[in-house]
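J.: Handing you a structure now.
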Amino acid sequence: MTSNHIDLITLGCSKNLVDSERIIKMFESVGYYVKHNPLKITSKIVIINTCGFIGDAKEESINMILECVSAKQKGQVWQIYVMGCLSERYRKELPREIPEVDCWYGKFDWENLIKDISGKQHDINTFERKLSTPSHYAYIKIAEGCNRFCSFCAIPLITGRYKSRKIEDILHEVKLLVKQGVKEFNIIAQDLSYYGIDIYGSQKLALLIDEMAQIQGVEWIRLHYAYPAQFPIDLLDVMQKHNNICKYLDIALQHSSDKVLSNMRRHINEEETIELLDKIRKKIPGIHIRTTLMVGFPGEDNTEFENLLTFVKKQKFDRMGAFAYCEEEDTYAAKYLTDNIPDEIKQSRLDQLMSIQEEIAYDLNKAKVGQILKVIIDAEDDDYYIGRTEFDSPEVDPEVLIKKSKKLTIGNFYKVKIVEAMPFELIAIIVD
């Protein structure tokens with residue numbers, strides 16, 4: 001394999017994926033061939049875009065680095081370069097611990113990364129990228145950083161203060177992607193709700209999405225990672241106005257108990273949370289809400305946990321993920337709160353919560369049997385075409401398995417009838 005080939009491995013969230021897509025495009029423009037997330041490392045140069053959000057993600061990043069180090073020791077890899085959240089956060093410690101890595105870079109130190117490998121300068125301000133997703137959908141990152149400083153979260157320590165992208169730049173990117181055949185746009189940021197405040201002086205998410213929805217060729221827009229406190233209510237009017245904005249909202253609530261929410265420094269209480277959810281559902285009938293919850297946070301005694309279980313049973317979230325609290329160094333919680341809930345209790349609570357959610361998800365899916373829904377086709381296997389409805393985000397949400405009866409085209413939309421339900425999948429037939 002020639003030395004102008006690079007294997008780029010992306011770990012972590014879709015925001016990291018967007019960064020990698022931009023980096024791939026930059027390397028290609030200076031004469032390199034980049035393989036993204038190869039099944040097997042074959043290039044002599046490896047770049048690892050790491051995640052440093054929680055313990056499991058950090059462990060995955062370290063294991064991948066060590067796997068590449070082992071390949072280097074065997075002569076299979078010549079050079080290893082590490083970037084992203086983990087190396088941003090532990091820039092001093094990691095070079096001492098893993099000296100076999102040729103160079104470490106922060107999350108946004110792309111200019112030096114490209115220059116060190118290729119010997120060429122590159123304009124890193126362009127938002128052109130090489131999609132690693134199927135060609136019909138893409139992620140659109142509208143901001144970096146976070147100003148919320150929740151007590152458990154290290155993201156602001158890694159990415160810094162909130163930085164919105166300009167509306168015109170985002171719309172330009174969307175138009176470029178439409179020309180490439182992208183139909184579905186998944187809007188991402190650490191916090192959608194804050195968008196625009198830093199550069200325009202007020203929340204501008206509603207304006208941005210309204211403008212985006214009017215671009216010819218944008219067939220689906222899906223919103224990820226809204227923050228519940230100071231939620232931009234005017235966004236609901238825009239969602240109601242445009243048919244191409246999916247009835248879907250990803251809004252991480254983390255907990256329901258006032259005590260735990262206060263300890264988390266979430267700037268919202270249970271009553272306000274319920275009022276917000278009621279308002280969203282009333283304004284957008286049929287909306288599917290995805291949320292993330294945390295168990296085992298300091299202050300969560302049995303009463304607080306029972307409060308969370310009751311909340312989940314009443315709210316019946318269409319999509320829900322959960323995880324057990326893991327203390328992150330240098331956060332407010334690590335400094336000032338005591339992580340005194342045993343791991344086995346955290347795990348037991350997590351299991352209870354997800355068991356309840358599985359029942360809820362199954363009931364909600366069973367209610368879809370007999371419905372005719374629009375799906376986009378992502379892939380096919382031997383027996384089924386694999387699609388998603390507007391209520392399903394790529395990678396994280398349920399899929400619709402469509403029985404093969406006629407030839408379907410990946411990336412196209414079709415009407416299907418739901419004929420069978422499982423907790424996290426639907427079975428459908430094509431509707432002529």
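Following the order of the structure tokens, first chain is A, next is B, and so on, with residues numbered from 1 inside each chain and ligands from 1 in the order they appear.
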Near stretch 221-231 of chain A, counting only C-alpha atoms, which residues have an atom at most 9 Å away, once you skip same-chain residues fewer than 3 positions from it, shown as a compact mmCIF listing (two decimals) with N, CA, C and O atoms, in the first residue's frame?
T.:
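This is the output file selection27.txt:
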# COMPACT_ATOMS: atom_id res chain seq x y z
N LYS A 183 -31.15 13.97 0.65
CA LYS A 183 -32.57 14.28 0.82
C LYS A 183 -32.96 14.52 2.28
O LYS A 183 -33.90 15.24 2.58
N GLU A 184 -32.23 13.89 3.17
CA GLU A 184 -32.57 13.94 4.60
C GLU A 184 -31.44 14.63 5.36
O GLU A 184 -30.27 14.26 5.23
N PHE A 185 -31.81 15.61 6.19
CA PHE A 185 -30.83 16.42 6.91
C PHE A 185 -31.07 16.30 8.41
O PHE A 185 -32.12 16.72 8.91
N ASN A 186 -30.10 15.72 9.10
CA ASN A 186 -30.18 15.55 10.55
C ASN A 186 -29.38 16.68 11.20
O ASN A 186 -28.15 16.72 11.08
N ILE A 187 -30.11 17.59 11.85
CA ILE A 187 -29.49 18.80 12.39
C ILE A 187 -28.94 18.49 13.78
O ILE A 187 -29.67 18.02 14.66
N ILE A 188 -27.65 18.76 13.98
CA ILE A 188 -27.00 18.39 15.23
C ILE A 188 -26.21 19.56 15.83
O ILE A 188 -25.70 20.42 15.12
N ALA A 189 -26.13 19.55 17.13
CA ALA A 189 -25.28 20.44 17.92
C ALA A 189 -25.30 19.90 19.33
O ALA A 189 -26.18 19.10 19.69
N GLN A 190 -24.38 20.32 20.14
CA GLN A 190 -24.43 19.91 21.54
C GLN A 190 -25.71 20.44 22.19
O GLN A 190 -26.28 19.82 23.08
N ASP A 191 -26.18 21.59 21.70
CA ASP A 191 -27.38 22.23 22.25
C ASP A 191 -28.02 23.06 21.14
O ASP A 191 -27.56 24.15 20.83
N LEU A 192 -29.08 22.52 20.54
CA LEU A 192 -29.78 23.27 19.49
C LEU A 192 -30.46 24.52 20.03
O LEU A 192 -30.57 25.53 19.34
N SER A 193 -30.95 24.44 21.26
CA SER A 193 -31.77 25.52 21.81
C SER A 193 -31.02 26.85 21.86
O SER A 193 -31.61 27.92 21.73
N TYR A 194 -29.72 26.80 22.09
CA TYR A 194 -28.92 28.01 22.27
C TYR A 194 -28.53 28.65 20.93
O TYR A 194 -28.01 29.77 20.91
N ILE A 209 -34.28 26.88 10.67
CA ILE A 209 -35.02 25.72 10.18
C ILE A 209 -36.10 26.14 9.19
O ILE A 209 -36.36 25.44 8.20
N MET A 212 -34.26 26.68 5.97
CA MET A 212 -33.79 25.41 5.45
C MET A 212 -34.94 24.62 4.81
O MET A 212 -34.76 23.99 3.76
N ALA A 213 -36.10 24.64 5.45
CA ALA A 213 -37.24 23.87 4.96
C ALA A 213 -37.72 24.35 3.60
O ALA A 213 -38.41 23.61 2.89
N VAL A 218 -34.89 19.54 -0.15
CA VAL A 218 -34.82 19.12 1.26
C VAL A 218 -36.13 18.41 1.60
O VAL A 218 -37.16 19.04 1.73
N ASP A 234 -40.81 29.15 19.57
CA ASP A 234 -41.18 29.54 18.20
C ASP A 234 -40.81 28.48 17.17
O ASP A 234 -41.34 28.48 16.05
N LEU A 235 -39.92 27.56 17.53
CA LEU A 235 -39.58 26.45 16.64
C LEU A 235 -40.81 25.59 16.33
O LEU A 235 -40.95 25.06 15.22
N ASN A 244 -41.96 19.04 5.51
CA ASN A 244 -40.68 18.33 5.40
C ASN A 244 -39.85 18.40 6.68
O ASN A 244 -38.71 17.91 6.70
N ILE A 245 -40.39 18.98 7.73
CA ILE A 245 -39.73 18.89 9.05
C ILE A 245 -40.34 17.69 9.77
O ILE A 245 -41.55 17.66 10.02
N CYS A 246 -39.52 16.71 10.06
CA CYS A 246 -40.01 15.48 10.67
C CYS A 246 -40.67 15.76 12.02
O CYS A 246 -40.21 16.63 12.78
N LYS A 247 -41.70 15.01 12.30
CA LYS A 247 -42.34 15.08 13.62
C LYS A 247 -41.49 14.28 14.60
O LYS A 247 -41.84 13.18 15.04
N TYR A 248 -40.39 14.88 14.94
CA TYR A 248 -39.34 14.19 15.72
C TYR A 248 -38.55 15.26 16.45
O TYR A 248 -38.20 16.29 15.87
N LEU A 249 -38.27 15.02 17.71
CA LEU A 249 -37.43 15.94 18.48
C LEU A 249 -36.61 15.16 19.47
O LEU A 249 -37.15 14.40 20.28
N ASP A 250 -35.31 15.34 19.40
CA ASP A 250 -34.38 14.73 20.35
C ASP A 250 -34.05 15.77 21.41
O ASP A 250 -33.42 16.80 21.12
N ILE A 251 -34.53 15.54 22.62
CA ILE A 251 -34.35 16.52 23.70
C ILE A 251 -33.95 15.78 24.98
O ILE A 251 -34.75 15.08 25.59
N ALA A 252 -32.71 15.90 25.37
CA ALA A 252 -32.18 15.17 26.52
C ALA A 252 -32.69 15.80 27.82
O ALA A 252 -32.39 16.95 28.11
N LEU A 253 -33.46 15.03 28.59
CA LEU A 253 -34.04 15.55 29.83
C LEU A 253 -33.22 15.16 31.05
O LEU A 253 -33.26 15.85 32.07
N ARG A 266 -29.42 21.74 35.80
CA ARG A 266 -30.11 21.70 34.51
C ARG A 266 -31.00 22.93 34.28
O ARG A 266 -31.59 23.08 33.21
N HIS A 267 -31.19 23.77 35.28
CA HIS A 267 -31.93 25.03 35.13
C HIS A 267 -33.40 24.81 34.75
O HIS A 267 -34.00 25.66 34.07
N ILE A 268 -33.96 23.69 35.17
CA ILE A 268 -35.36 23.39 34.90
C ILE A 268 -35.84 22.41 35.97
O ILE A 268 -35.02 21.66 36.53
N GLU A 272 -41.87 22.27 35.10
CA GLU A 272 -41.56 22.98 33.86
C GLU A 272 -41.29 21.99 32.71
O GLU A 272 -41.66 22.24 31.56
N THR A 273 -40.65 20.87 33.05
CA THR A 273 -40.38 19.84 32.04
C THR A 273 -41.68 19.27 31.49
O THR A 273 -41.85 19.14 30.27
N LEU A 276 -43.44 21.73 29.27
CA LEU A 276 -42.80 21.82 27.96
C LEU A 276 -43.21 20.65 27.07
O LEU A 276 -43.56 20.82 25.91
N ARG A 290 -37.56 11.81 21.38
CA ARG A 290 -36.46 10.97 21.86
C ARG A 290 -35.79 11.71 23.01
O ARG A 290 -35.55 12.92 22.93
N THR A 291 -35.50 10.98 24.07
CA THR A 291 -34.80 11.61 25.18
C THR A 291 -33.74 10.68 25.72
O THR A 291 -33.69 9.49 25.40
N GLU A 390 -40.18 8.89 9.30
CA GLU A 390 -39.74 10.22 9.76
C GLU A 390 -39.47 10.23 11.26
O GLU A 390 -38.82 11.14 11.78
N PHE A 391 -39.96 9.22 11.98
CA PHE A 391 -39.81 9.14 13.43
C PHE A 391 -38.53 8.43 13.85
O PHE A 391 -38.32 8.21 15.04
N SER A 393 -34.35 8.20 13.53
CA SER A 393 -33.05 8.74 13.14
C SER A 393 -32.10 7.59 12.80
O SER A 393 -32.21 6.50 13.35
J.: With stretch 154-172 of chain A as the partner and 10 Å as the cut-off, tabulate the residues of stretch 314-391 of chain A that qualify, each row holding the nearest pair of atoms and their distance in Å to one decimal, using only C-alpha atoms, sorted by chain and rising number, as CSV.
T.:
residue,atom,partner,partner_atom,distance
A:Glu327,CA,A:Ala154,CA,9.8
A:Glu328,CA,A:Ala154,CA,6.6
A:Glu329,CA,A:Ala154,CA,7.9
A:Asp330,CA,A:Ala154,CA,7.6
A:Thr331,CA,A:Ala154,CA,6.0
A:Tyr332,CA,A:Ala154,CA,9.2
J.: Write out as a list in words each polymer residue whose atoms come within 12 Å of A:Val30, counting only C-alpha atoms; drop sequence neighbours fewer than 6 positions from it.
T.: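 Selected residues are Asn4, His5, Ile23, Ile24, Ile114, Lys115, Ile117, Ser118, Gly119, Lys120, Gln121, His122 and Asp123 of chain A.
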J.: Would you write out, as JSON lines, a table of all residues in stretch 20-80 of chain A that have an atom no more than 10 Å from an atom of stretch 106-112 of chain A, listing for each the closest atom pair and the distance in Å to one decimal, considering only C-alpha atoms and ordering rows by chain and rising residue number?
T.:
{"residue": "A:Arg22", "atom": "CA", "partner": "A:Trp110", "partner_atom": "CA", "distance": 9.7}
{"residue": "A:Ile23", "atom": "CA", "partner": "A:Trp110", "partner_atom": "CA", "distance": 7.4}
{"residue": "A:Met26", "atom": "CA", "partner": "A:Trp110", "partner_atom": "CA", "distance": 9.4}
{"residue": "A:Asn49", "atom": "CA", "partner": "A:Lys107", "partner_atom": "CA", "distance": 8.3}
{"residue": "A:Thr50", "atom": "CA", "partner": "A:Lys107", "partner_atom": "CA", "distance": 8.7}
{"residue": "A:Cys51", "atom": "CA", "partner": "A:Lys107", "partner_atom": "CA", "distance": 9.6}
J.: Would you kindly return, as a PyMOL selection string, each protein, DNA or RNA residue with an atom no farther than 12 Å from any atom of stretch 91-96 of chain A, considering only C-alpha atoms and excluding same-chain residues fewer than 6 positions away?
T.: chain A and resi 52+58+61-62+65-66+81-85+102-107+109+158
J.: Wanna dump the stretch 136-243 of chain A-stretch 128-131 of chain A contacts at 10 Å for me, each residue with its shortest atom pair and the distance in Å to one decimal, counting only C-alpha atoms, ordered by chain and number, as CSV?
T.:
residue,atom,partner,partner_atom,distance
A:His136,CA,A:Leu131,CA,9.8
A:Tyr137,CA,A:Leu131,CA,8.9
A:Ala138,CA,A:Leu131,CA,7.2
A:Tyr139,CA,A:Leu131,CA,9.2
A:Glu173,CA,A:Glu128,CA,7.5
A:Leu176,CA,A:Glu128,CA,8.4
A:Leu177,CA,A:Glu128,CA,9.1
A:Gln180,CA,A:Leu131,CA,9.8
A:Val182,CA,A:Leu131,CA,9.8
J.: Dump N, CA and C atoms for the selected residues as a compact mmCIF listing (two decimals), in the first residue's frame?
T.:
# COMPACT_ATOMS: atom_id res chain seq x y z
N HIS A 136 -27.99 9.47 0.64
CA HIS A 136 -29.27 10.16 0.73
C HIS A 136 -29.48 10.91 2.05
N TYR A 137 -28.58 10.73 3.03
CA TYR A 137 -28.74 11.53 4.25
C TYR A 137 -27.40 12.04 4.75
N ALA A 138 -27.48 13.13 5.50
CA ALA A 138 -26.27 13.74 6.04
C ALA A 138 -26.59 14.40 7.38
N TYR A 139 -25.54 14.60 8.16
CA TYR A 139 -25.65 15.36 9.41
C TYR A 139 -25.18 16.79 9.15
N GLU A 173 -24.27 25.16 2.77
CA GLU A 173 -23.86 23.77 2.88
C GLU A 173 -25.01 22.83 2.51
N LEU A 176 -25.45 22.72 -1.24
CA LEU A 176 -24.40 21.91 -1.86
C LEU A 176 -24.73 20.42 -1.74
N LEU A 177 -25.20 20.02 -0.57
CA LEU A 177 -25.50 18.62 -0.34
C LEU A 177 -26.72 18.17 -1.12
N GLN A 180 -25.75 17.11 -4.38
CA GLN A 180 -25.08 15.81 -4.37
C GLN A 180 -26.07 14.66 -4.19
N VAL A 182 -28.42 14.49 -1.49
CA VAL A 182 -28.88 14.31 -0.10
C VAL A 182 -30.33 14.78 0.01
J.: Quick one: residues within 10 Å of stretch 395-408 of chain A, only C-alpha atoms counted, chain neighbours fewer than 2 positions away excluded, as a PyMOL selection string?
T.: chain A and resi 14+290+318-321+361+365+375-389+391-393+410-414+416-430+432
J.: Mind dumping the selected residues with N, CA and C atoms as a CSV table (one decimal), in the first residue's frame?
T.:
chain,number,residue,atom,x,y,z
A,14,SER,N,-22.1,11.7,16.1
A,14,SER,CA,-22.3,12.2,14.8
A,14,SER,C,-21.6,13.5,14.6
A,290,ARG,N,-37.6,11.8,21.4
A,290,ARG,CA,-36.5,11.0,21.9
A,290,ARG,C,-35.8,11.7,23.0
A,318,ASP,N,-41.4,7.9,23.0
A,318,ASP,CA,-41.4,7.1,21.8
A,318,ASP,C,-40.0,6.5,21.7
A,319,ARG,N,-39.0,7.2,22.0
A,319,ARG,CA,-37.6,6.8,21.9
A,319,ARG,C,-36.9,7.2,23.2
A,320,MET,N,-36.1,6.3,23.8
A,320,MET,CA,-35.4,6.7,25.0
A,320,MET,C,-34.2,5.9,25.2
A,321,GLY,N,-33.1,6.6,25.5
A,321,GLY,CA,-31.8,6.0,25.9
A,321,GLY,C,-31.5,6.3,27.3
A,361,ALA,N,-42.1,1.0,24.4
A,361,ALA,CA,-41.8,1.0,23.0
A,361,ALA,C,-42.6,-0.1,22.2
A,365,ASN,N,-45.2,0.6,19.3
A,365,ASN,CA,-45.0,0.0,18.0
A,365,ASN,C,-46.2,-0.8,17.6
A,375,VAL,N,-41.5,5.8,4.2
A,375,VAL,CA,-40.2,5.4,4.7
A,375,VAL,C,-39.1,5.7,3.6
A,376,ILE,N,-37.9,5.9,4.1
A,376,ILE,CA,-36.8,6.0,3.2
A,376,ILE,C,-36.0,4.8,3.3
A,377,ILE,N,-35.5,4.3,2.2
A,377,ILE,CA,-34.7,3.0,2.2
A,377,ILE,C,-33.2,3.2,2.4
A,378,ASP,N,-32.7,2.6,3.4
A,378,ASP,CA,-31.3,2.8,3.8
A,378,ASP,C,-30.4,1.7,3.2
A,379,ALA,N,-30.9,0.4,3.1
A,379,ALA,CA,-30.1,-0.7,2.8
A,379,ALA,C,-31.0,-1.9,2.4
A,380,GLU,N,-30.4,-3.0,2.1
A,380,GLU,CA,-31.1,-4.3,1.9
A,380,GLU,C,-30.3,-5.4,2.3
A,381,ASP,N,-31.0,-6.5,2.8
A,381,ASP,CA,-30.3,-7.7,3.1
A,381,ASP,C,-31.0,-8.8,2.2
A,382,ASP,N,-30.7,-10.1,2.6
A,382,ASP,CA,-31.3,-11.2,1.8
A,382,ASP,C,-32.8,-11.2,1.8
A,383,ASP,N,-33.4,-10.9,2.9
A,383,ASP,CA,-34.8,-11.0,3.0
A,383,ASP,C,-35.6,-9.7,3.0
A,384,TYR,N,-35.0,-8.6,3.4
A,384,TYR,CA,-35.7,-7.4,3.6
A,384,TYR,C,-35.0,-6.2,3.0
A,385,TYR,N,-35.8,-5.2,2.7
A,385,TYR,CA,-35.2,-3.8,2.5
A,385,TYR,C,-35.3,-3.2,3.9
A,386,ILE,N,-34.4,-2.4,4.2
A,386,ILE,CA,-34.3,-1.8,5.6
A,386,ILE,C,-34.6,-0.3,5.4
A,387,GLY,N,-35.6,0.2,6.0
A,387,GLY,CA,-36.0,1.6,5.9
A,387,GLY,C,-36.3,2.3,7.3
A,388,ARG,N,-36.6,3.5,7.2
A,388,ARG,CA,-36.9,4.3,8.4
A,388,ARG,C,-38.1,5.2,8.1
A,389,THR,N,-38.9,5.5,9.1
A,389,THR,CA,-39.9,6.5,9.0
A,389,THR,C,-39.4,7.9,9.4
A,391,PHE,N,-40.0,9.2,12.0
A,391,PHE,CA,-39.8,9.1,13.4
A,391,PHE,C,-38.5,8.4,13.8
A,392,ASP,N,-37.7,8.1,12.9
A,392,ASP,CA,-36.5,7.3,13.2
A,392,ASP,C,-35.2,7.9,12.6
A,393,SER,N,-34.3,8.2,13.5
A,393,SER,CA,-33.1,8.7,13.1
A,393,SER,C,-32.1,7.6,12.8
A,410,ILE,N,-32.5,2.1,-3.0
A,410,ILE,CA,-31.9,2.7,-1.8
A,410,ILE,C,-31.8,4.2,-2.0
A,411,GLY,N,-32.3,4.9,-0.9
A,411,GLY,CA,-32.3,6.4,-1.0
A,411,GLY,C,-33.6,7.0,-1.4
A,412,ASN,N,-34.6,6.1,-1.9
A,412,ASN,CA,-35.9,6.6,-2.3
A,412,ASN,C,-36.9,6.4,-1.2
A,413,PHE,N,-38.0,7.2,-1.4
A,413,PHE,CA,-39.1,7.1,-0.4
A,413,PHE,C,-40.2,6.2,-1.0
A,414,TYR,N,-40.9,5.5,-0.1
A,414,TYR,CA,-42.0,4.6,-0.4
A,414,TYR,C,-43.0,4.6,0.7
A,416,VAL,N,-45.4,2.3,2.9
A,416,VAL,CA,-45.4,0.9,3.4
A,416,VAL,C,-46.6,0.7,4.4
A,417,LYS,N,-47.0,-0.5,4.5
A,417,LYS,CA,-48.0,-0.8,5.5
A,417,LYS,C,-47.4,-1.7,6.6
A,418,ILE,N,-47.6,-1.2,7.9
A,418,ILE,CA,-47.0,-2.0,9.0
A,418,ILE,C,-47.8,-3.2,9.3
A,419,VAL,N,-47.2,-4.4,9.3
A,419,VAL,CA,-48.0,-5.6,9.5
A,419,VAL,C,-47.6,-6.4,10.7
A,420,GLU,N,-46.5,-6.0,11.4
A,420,GLU,CA,-46.0,-6.7,12.6
A,420,GLU,C,-45.1,-5.7,13.4
A,421,ALA,N,-45.2,-5.9,14.7
A,421,ALA,CA,-44.4,-5.0,15.5
A,421,ALA,C,-43.5,-5.8,16.5
A,422,MET,N,-42.3,-5.3,16.8
A,422,MET,CA,-41.5,-5.8,17.8
A,422,MET,C,-41.1,-4.6,18.7
A,423,PRO,N,-40.5,-4.8,19.8
A,423,PRO,CA,-40.1,-3.6,20.7
A,423,PRO,C,-39.3,-2.6,19.9
A,424,PHE,N,-38.4,-3.0,19.1
A,424,PHE,CA,-37.5,-2.0,18.5
A,424,PHE,C,-37.4,-2.2,17.0
A,425,GLU,N,-38.4,-2.8,16.4
A,425,GLU,CA,-38.4,-3.0,14.9
A,425,GLU,C,-39.8,-3.1,14.5
A,426,LEU,N,-40.1,-2.7,13.2
A,426,LEU,CA,-41.4,-2.9,12.6
A,426,LEU,C,-41.2,-3.7,11.3
A,427,ILE,N,-42.2,-4.6,11.0
A,427,ILE,CA,-42.2,-5.3,9.8
A,427,ILE,C,-43.3,-4.7,8.9
A,428,ALA,N,-43.0,-4.5,7.6
A,428,ALA,CA,-43.9,-3.9,6.7
A,428,ALA,C,-43.9,-4.5,5.3
A,429,ILE,N,-45.0,-4.2,4.6
A,429,ILE,CA,-45.0,-4.6,3.2
A,429,ILE,C,-45.2,-3.3,2.3
A,430,ILE,N,-44.7,-3.4,1.1
A,430,ILE,CA,-44.8,-2.2,0.2
A,430,ILE,C,-46.2,-2.0,-0.2
A,432,ASP,N,-48.5,-0.5,-3.1
A,432,ASP,CA,-48.4,-0.1,-4.5
A,432,ASP,C,-49.1,1.2,-4.8
J.: Would you return as a ChimeraX atom specification the members of stretch 278-417 of chain A that DSSP assigns to helix (DSSP H, G or I) on this structure's backbone?
T.: /A:278-283,302-315,332-336,343-366
J.: Quick one: pick out all strand (DSSP E) residues within stretch 231-275 of chain A from a backbone DSSP run and write them as a PDB file with N, CA, C and O atoms, in the first residue's frame.
T.:
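Everything below was put into states12.pdb:
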ATOM      1  N   ILE A 245     -40.386  18.979   7.732  1.00  0.00           N
ATOM      2  CA  ILE A 245     -39.734  18.891   9.045  1.00  0.00           C
ATOM      3  C   ILE A 245     -40.342  17.695   9.768  1.00  0.00           C
ATOM      4  O   ILE A 245     -41.550  17.656  10.021  1.00  0.00           O
ATOM      5  N   CYS A 246     -39.515  16.708  10.059  1.00  0.00           N
ATOM      6  CA  CYS A 246     -40.011  15.476  10.670  1.00  0.00           C
ATOM      7  C   CYS A 246     -40.665  15.760  12.019  1.00  0.00           C
ATOM      8  O   CYS A 246     -40.206  16.628  12.782  1.00  0.00           O
ATOM      9  N   LYS A 247     -41.699  15.007  12.303  1.00  0.00           N
ATOM     10  CA  LYS A 247     -42.344  15.084  13.624  1.00  0.00           C
ATOM     11  C   LYS A 247     -41.489  14.282  14.604  1.00  0.00           C
ATOM     12  O   LYS A 247     -41.843  13.178  15.039  1.00  0.00           O
ATOM     13  N   TYR A 248     -40.385  14.877  14.941  1.00  0.00           N
ATOM     14  CA  TYR A 248     -39.344  14.192  15.722  1.00  0.00           C
ATOM     15  C   TYR A 248     -38.546  15.260  16.453  1.00  0.00           C
ATOM     16  O   TYR A 248     -38.197  16.290  15.865  1.00  0.00           O
ATOM     17  N   LEU A 249     -38.271  15.015  17.712  1.00  0.00           N
ATOM     18  CA  LEU A 249     -37.434  15.942  18.476  1.00  0.00           C
ATOM     19  C   LEU A 249     -36.611  15.158  19.472  1.00  0.00           C
ATOM     20  O   LEU A 249     -37.146  14.402  20.283  1.00  0.00           O
ATOM     21  N   ASP A 250     -35.307  15.344  19.404  1.00  0.00           N
ATOM     22  CA  ASP A 250     -34.377  14.728  20.348  1.00  0.00           C
ATOM     23  C   ASP A 250     -34.052  15.774  21.407  1.00  0.00           C
ATOM     24  O   ASP A 250     -33.417  16.796  21.117  1.00  0.00           O
ATOM     25  N   ILE A 251     -34.532  15.543  22.620  1.00  0.00           N
ATOM     26  CA  ILE A 251     -34.352  16.518  23.704  1.00  0.00           C
ATOM     27  C   ILE A 251     -33.947  15.782  24.975  1.00  0.00           C
ATOM     28  O   ILE A 251     -34.747  15.081  25.587  1.00  0.00           O
TER      29      ILE A 251
END
J.: Taking only C-alpha atoms into account, which of A:Asp19, A:Arg349, A:Asp363, A:Phe149 comes nearest A:Asn125?
T.: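 Checking each of A:Asp19, A:Arg349, A:Asp363, A:Phe149 against A:Asn125, counting only C-alpha atoms, the winner is A:Asp19.
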J.: To one decimal in Å, tell me the separation between atom CA of A:Asn243 and atom CA of A:Gln371.
T.: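 Separating atom CA of A:Asn243 from atom CA of A:Gln371 is a distance of 18.5 Å.
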J.: Could you jot down the atom CA of A:Ile280 to atom CA of A:Gln254 separation for me, Å, one decimal place?
T.: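 These atoms are spaced 17.7 Å apart.
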J.: Would you compute the distance between atom CA of A:Val295 and atom CA of A:Met354? Give it in Å to one decimal.
T.: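 Value for the atom CA of A:Val295-atom CA of A:Met354 distance: 10.8 Å.
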